[in-house]
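Raw contents of coords24.csv, CSV, C-alpha atoms:
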chain,number,residue,atom,x,y,z
A,236,MET,CA,0.0,0.0,0.0
A,237,SER,CA,1.4,3.3,-1.1
A,238,ALA,CA,-0.3,6.0,1.0
A,239,ILE,CA,0.2,9.3,2.7
A,240,LEU,CA,-1.3,9.9,6.1
A,241,LEU,CA,-2.1,13.5,7.1
A,242,PRO,CA,-4.1,15.2,9.9
A,243,ALA,CA,-7.7,15.6,8.9
A,244,ARG,CA,-7.5,19.3,9.8
A,245,ASP,CA,-5.2,19.7,6.8
A,246,ALA,CA,-7.7,18.0,4.5
A,247,ASN,CA,-9.9,19.8,2.0
A,248,LEU,CA,-13.3,19.8,3.7
A,249,SER,CA,-15.2,19.5,0.5
A,250,GLY,CA,-13.1,16.4,-0.4
A,251,LEU,CA,-13.7,15.0,3.0
A,252,ALA,CA,-17.5,15.6,2.6
A,253,ALA,CA,-17.4,13.9,-0.8
A,254,LEU,CA,-15.7,10.8,0.7
A,255,HIS,CA,-18.1,10.7,3.6
A,256,LEU,CA,-21.1,10.9,1.1
A,257,GLN,CA,-19.6,8.0,-0.8
A,258,CYS,CA,-19.2,5.9,2.3
A,259,PHE,CA,-22.4,6.9,4.1
A,260,PRO,CA,-24.9,8.1,1.5
A,261,ASP,CA,-27.9,7.8,3.9
A,262,GLU,CA,-26.3,10.0,6.6
A,263,ALA,CA,-23.5,12.0,5.0
A,264,TRP,CA,-21.9,14.9,6.7
A,265,ASP,CA,-21.4,18.0,4.7
A,266,SER,CA,-18.4,20.4,4.9
A,267,ALA,CA,-20.0,22.5,7.7
A,268,ALA,CA,-20.8,19.4,9.8
A,269,LEU,CA,-17.2,18.1,9.3
A,270,ALA,CA,-15.8,21.5,10.4
A,271,THR,CA,-18.0,21.4,13.5
A,272,VAL,CA,-16.8,17.9,14.3
A,273,LEU,CA,-13.2,18.9,13.9
A,274,ALA,CA,-13.7,21.9,16.2
A,275,MET,CA,-15.0,19.9,19.1
A,276,PRO,CA,-12.7,19.5,22.1
A,277,GLY,CA,-10.4,16.5,21.7
A,278,ALA,CA,-11.3,16.0,18.1
A,279,ASP,CA,-8.7,14.7,15.8
A,280,GLY,CA,-8.4,12.5,12.7
A,281,ARG,CA,-6.4,11.3,9.8
A,282,VAL,CA,-6.9,11.2,6.0
A,283,VAL,CA,-5.1,8.8,3.7
A,284,TYR,CA,-4.2,9.9,0.2
A,285,GLY,CA,-3.1,7.4,-2.5
A,286,ALA,CA,-0.2,7.7,-4.9
A,287,THR,CA,-2.4,9.7,-7.3
A,288,ALA,CA,-3.3,12.2,-4.5
A,289,ASP,CA,-6.8,10.9,-4.3
A,290,MET,CA,-8.4,10.8,-0.8
A,291,GLN,CA,-8.8,7.1,-0.1
A,292,GLY,CA,-9.8,7.0,3.6
A,293,MET,CA,-10.5,8.9,6.7
A,294,ILE,CA,-11.0,8.6,10.4
A,295,LEU,CA,-12.4,11.2,12.7
A,296,ASP,CA,-12.1,10.6,16.5
A,297,GLN,CA,-12.5,12.4,19.8
A,298,CYS,CA,-10.4,11.7,22.8
A,299,LEU,CA,-11.5,13.0,26.2
A,300,GLY,CA,-9.5,11.7,29.1
A,301,GLU,CA,-9.4,7.9,29.3
A,302,GLU,CA,-11.8,7.3,26.4
A,303,ALA,CA,-11.5,7.8,22.7
A,304,GLU,CA,-14.4,7.5,20.3
A,305,ILE,CA,-14.3,6.8,16.6
A,306,LEU,CA,-16.8,9.3,15.2
A,307,THR,CA,-16.5,8.1,11.6
A,308,LEU,CA,-14.3,5.8,9.6
A,309,GLY,CA,-14.6,5.4,5.8
A,310,VAL,CA,-12.6,4.1,2.9
A,311,SER,CA,-13.4,4.9,-0.7
A,312,ALA,CA,-15.0,2.2,-2.8
A,313,ALA,CA,-12.0,1.9,-5.1
A,314,ALA,CA,-9.6,1.5,-2.1
A,315,ARG,CA,-11.5,-1.0,0.0
A,316,ARG,CA,-9.9,-4.3,1.0
A,317,GLY,CA,-6.5,-2.8,0.6
A,318,GLY,CA,-5.5,-2.3,4.2
A,319,ILE,CA,-6.5,1.4,4.6
A,320,GLY,CA,-9.0,0.8,7.3
A,321,ARG,CA,-6.5,-1.2,9.3
A,322,PHE,CA,-3.9,1.4,8.7
A,323,LEU,CA,-6.1,4.2,10.0
A,324,LEU,CA,-7.2,2.1,13.1
A,325,SER,CA,-3.6,1.2,13.9
A,326,ASP,CA,-2.6,4.9,13.8
A,327,LEU,CA,-5.6,5.7,16.0
A,328,ILE,CA,-4.7,3.0,18.5
A,329,GLN,CA,-1.1,4.4,18.7
A,330,ARG,CA,-2.3,8.0,19.0
A,331,THR,CA,-4.8,7.2,21.8
A,332,ARG,CA,-2.4,5.1,23.8
A,333,GLN,CA,0.1,8.0,23.7
A,334,SER,CA,-2.6,10.4,24.9
A,335,GLY,CA,-3.3,8.2,27.9
A,336,ALA,CA,-6.7,6.8,26.8
A,337,ARG,CA,-7.6,3.5,28.2
A,338,ARG,CA,-10.2,2.4,25.6
A,339,ILE,CA,-11.7,3.2,22.2
A,340,VAL,CA,-15.4,3.0,21.6
A,341,LEU,CA,-17.6,3.3,18.5
A,342,GLU,CA,-20.9,2.2,16.9
A,343,VAL,CA,-20.9,0.2,13.7
A,344,ALA,CA,-23.9,-0.8,11.6
A,345,ALA,CA,-25.0,-4.4,12.3
A,346,ASP,CA,-25.1,-5.0,8.5
A,347,ASN,CA,-21.5,-3.8,8.0
A,348,ASP,CA,-19.8,-7.2,7.7
A,349,ALA,CA,-16.5,-5.9,6.4
A,350,GLY,CA,-16.3,-3.3,9.2
A,351,LEU,CA,-17.2,-5.8,11.9
A,352,GLY,CA,-14.6,-8.3,10.6
A,353,LEU,CA,-11.9,-5.6,10.7
A,354,TYR,CA,-12.9,-4.5,14.3
A,355,ASP,CA,-13.1,-8.1,15.4
A,356,SER,CA,-9.6,-8.8,14.0
A,357,LEU,CA,-8.2,-6.0,16.0
A,358,GLY,CA,-9.7,-7.2,19.3
A,359,PHE,CA,-12.7,-4.9,19.6
A,360,GLN,CA,-15.5,-6.4,21.8
A,361,ARG,CA,-19.2,-6.1,21.3
A,362,ASP,CA,-20.6,-4.3,24.3
A,363,GLY,CA,-24.3,-3.9,23.3
A,364,ARG,CA,-26.7,-3.2,20.5
A,365,ARG,CA,-28.6,0.0,19.7
A,366,ARG,CA,-31.9,-0.8,18.0
A,367,GLY,CA,-32.6,1.2,14.8
A,368,TYR,CA,-29.6,3.5,15.3
A,369,TYR,CA,-28.8,4.0,11.6
A,370,ARG,CA,-31.4,5.4,9.2
A,371,ARG,CA,-31.6,4.0,5.7
A,372,LYS,CA,-33.4,5.9,3.0
A,373,ALA,CA,-34.6,2.7,1.4
A,374,GLY,CA,-35.6,0.1,3.9
A,375,PRO,CA,-35.8,-0.2,7.7
A,376,ASN,CA,-33.4,1.4,10.1
A,377,ILE,CA,-30.4,-0.7,11.0
A,378,ASP,CA,-29.2,-1.7,14.5
A,379,ALA,CA,-25.7,-0.6,15.6
A,380,TRP,CA,-23.2,-2.7,17.6
A,381,ARG,CA,-21.5,-0.7,20.3
A,382,LEU,CA,-17.8,-1.9,20.3
A,383,SER,CA,-14.9,-1.2,22.5
A,384,LEU,CA,-11.2,-1.9,22.6
A,385,SER,CA,-9.2,-1.9,25.8
A,386,LEU,CA,-5.8,-0.3,25.5
A,387,ILE,CA,-4.5,-1.5,28.9
Can I see the file as structure tokens?
Amino acid sequence: MSAILLPARDANLSGLAALHLQCFPDEAWDSAALATVLAMPGADGRVVYGATADMQGMILDQCLGEEAEILTLGVSAAARRGGIGRFLLSDLIQRTRQSGARRIVLEVAADNDAGLGLYDSLGFQRDGRRRGYYRRKAGPNIDAWRLSLSLI
């Protein structure tokens, strides 16, 4: 994998919004929403650019004290299954350990088999389920798994 990892704050917000729309068409965040997220206390993130300078993946997170939360993680359709999600999560695990966080939490759609497989492979545990958490334009709402990873 040939990739460049940069802080999300340095990313073009319209490019970030386009990637978020591609990854989450039912609940996409626009540039203004992404700017608001990045301005929150403890917010951080990374963006992965490919060899052709195209935005291939992103992770936005928030670390407050002993807990970090993955707010969103997405990989472009063309770059999926190429290790970018694992690359972003490995960087997050390292960053949050260095900040003193003791665990990472997130929600993931119950129908996101690829995401669940990735999180499972990194040791995340399923802590509970949120019924109807994700809205879908076509079809019923989807449950979310609440996951966590202990860093201690």
- request: Identify which of the residues A:Glu302, A:Asp348, A:Ile377, A:Ser237 lies closest to A:Ala336, counting all atoms listed in the file when measuring atom-to-atom distances.
  value: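 For A:Ala336, the nearest of the candidates is A:Glu302.
Distances here use only C-alpha atoms; by that measure, the residue among A:Pro375, A:Gly285, A:Gly350, A:Gly280 closest to A:Ile328 is A:Gly280.
When only C-alpha atoms are used to compute distances to A:Gln360, the closest of the residues A:Thr307, A:Asn347, A:Ser249, A:Ser385 turns out to be A:Ser385.
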Surrounding residues of A:Val282 excluding itself and chain neighbours under 2 positions, 6 Å, only C-alpha atoms, as a count of residues only:
5
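You can rank A:Arg381, A:Arg364, A:Arg338, A:Arg371 by their closest distance to A:Gln297 using only C-alpha atoms, and at the top of that list sits A:Arg338.
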note - atom CA of A:Arg281 and atom CA of A:Leu256 are separated by 17.1 Å
TODO: Could you check which of A:Arg366, A:Asp245, A:Ala373, A:Leu386 is closest to A:Ser325, using only C-alpha atoms?
DONE: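 Closest residue, counting only C-alpha atoms: A:Leu386.
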Which residues are close to A:Asp289, i.e. within 12 Å by all atoms listed in the file, leaving aside same-chain residues fewer than 3 positions away? Reply as a ChimeraX atom specification. /A:237-240,246-247,250-251,253-254,282-286,292-293,310-311,313-314
Expressed in Å, the length from atom CA of A:Arg365 to atom CA of A:Asp346 is 12.8 Å
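In this comparison, which uses all atoms listed in the file, the residue of A:Gly300, A:Pro276, A:Leu269, A:Gly309 approaching A:Ser334 most closely is A:Gly300.
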So how far away is atom CA of A:Leu248 from atom CA of A:Ser266, in Å?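 Straight-line distance from atom CA of A:Ser266 to atom CA of A:Leu248 works out to 5.3 Å.
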Filled-in N, CA and C atoms of stretch 244-264 of chain A, supplied as an mmCIF file, in the frame of the given file:
data_model
loop_
_atom_site.group_PDB
_atom_site.id
_atom_site.type_symbol
_atom_site.label_atom_id
_atom_site.label_comp_id
_atom_site.auth_asym_id
_atom_site.auth_seq_id
_atom_site.Cartn_x
_atom_site.Cartn_y
_atom_site.Cartn_z
ATOM 1 N N ARG A 244 -7.343 17.812 9.825
ATOM 2 C CA ARG A 244 -7.500 19.300 9.800
ATOM 3 C C ARG A 244 -6.839 19.895 8.576
ATOM 4 N N ASP A 245 -5.862 19.179 8.000
ATOM 5 C CA ASP A 245 -5.200 19.700 6.800
ATOM 6 C C ASP A 245 -5.889 19.272 5.518
ATOM 7 N N ALA A 246 -6.956 18.512 5.635
ATOM 8 C CA ALA A 246 -7.700 18.000 4.500
ATOM 9 C C ALA A 246 -8.625 19.075 3.915
ATOM 10 N N ASN A 247 -8.894 18.970 2.650
ATOM 11 C CA ASN A 247 -9.900 19.800 2.000
ATOM 12 C C ASN A 247 -11.265 19.316 2.494
ATOM 13 N N LEU A 248 -12.024 20.196 3.157
ATOM 14 C CA LEU A 248 -13.300 19.800 3.700
ATOM 15 C C LEU A 248 -14.293 19.316 2.683
ATOM 16 N N SER A 249 -14.268 19.908 1.497
ATOM 17 C CA SER A 249 -15.200 19.500 0.500
ATOM 18 C C SER A 249 -14.821 18.057 -0.019
ATOM 19 N N GLY A 250 -13.540 17.757 -0.089
ATOM 20 C CA GLY A 250 -13.100 16.400 -0.400
ATOM 21 C C GLY A 250 -13.467 15.398 0.644
ATOM 22 N N LEU A 251 -13.323 15.810 1.893
ATOM 23 C CA LEU A 251 -13.700 15.000 3.000
ATOM 24 C C LEU A 251 -15.217 14.692 2.979
ATOM 25 N N ALA A 252 -16.001 15.740 2.684
ATOM 26 C CA ALA A 252 -17.500 15.600 2.600
ATOM 27 C C ALA A 252 -17.833 14.652 1.443
ATOM 28 N N ALA A 253 -17.137 14.747 0.330
ATOM 29 C CA ALA A 253 -17.400 13.900 -0.800
ATOM 30 C C ALA A 253 -17.125 12.411 -0.458
ATOM 31 N N LEU A 254 -16.029 12.173 0.252
ATOM 32 C CA LEU A 254 -15.700 10.800 0.700
ATOM 33 C C LEU A 254 -16.735 10.305 1.676
ATOM 34 N N HIS A 255 -17.151 11.154 2.602
ATOM 35 C CA HIS A 255 -18.100 10.700 3.600
ATOM 36 C C HIS A 255 -19.468 10.407 2.897
ATOM 37 N N LEU A 256 -19.846 11.172 1.905
ATOM 38 C CA LEU A 256 -21.100 10.900 1.100
ATOM 39 C C LEU A 256 -20.964 9.543 0.436
ATOM 40 N N GLN A 257 -19.809 9.267 -0.146
ATOM 41 C CA GLN A 257 -19.600 8.000 -0.800
ATOM 42 C C GLN A 257 -19.731 6.817 0.147
ATOM 43 N N CYS A 258 -19.176 6.992 1.333
ATOM 44 C CA CYS A 258 -19.200 5.900 2.300
ATOM 45 C C CYS A 258 -20.497 5.782 3.073
ATOM 46 N N PHE A 259 -21.171 6.911 3.297
ATOM 47 C CA PHE A 259 -22.400 6.900 4.100
ATOM 48 C C PHE A 259 -23.488 7.738 3.401
ATOM 49 N N PRO A 260 -23.990 7.253 2.281
ATOM 50 C CA PRO A 260 -24.900 8.100 1.500
ATOM 51 C C PRO A 260 -26.242 8.377 2.235
ATOM 52 N N ASP A 261 -26.630 7.560 3.199
ATOM 53 C CA ASP A 261 -27.900 7.800 3.900
ATOM 54 C C ASP A 261 -27.737 8.837 5.037
ATOM 55 N N GLU A 262 -26.522 9.052 5.515
ATOM 56 C CA GLU A 262 -26.300 10.000 6.600
ATOM 57 C C GLU A 262 -24.995 10.738 6.459
ATOM 58 N N ALA A 263 -24.777 11.283 5.270
ATOM 59 C CA ALA A 263 -23.500 12.000 5.000
ATOM 60 C C ALA A 263 -23.400 13.283 5.722
ATOM 61 N N TRP A 264 -22.177 13.606 6.115
ATOM 62 C CA TRP A 264 -21.900 14.900 6.700
ATOM 63 C C TRP A 264 -21.328 15.819 5.673
#
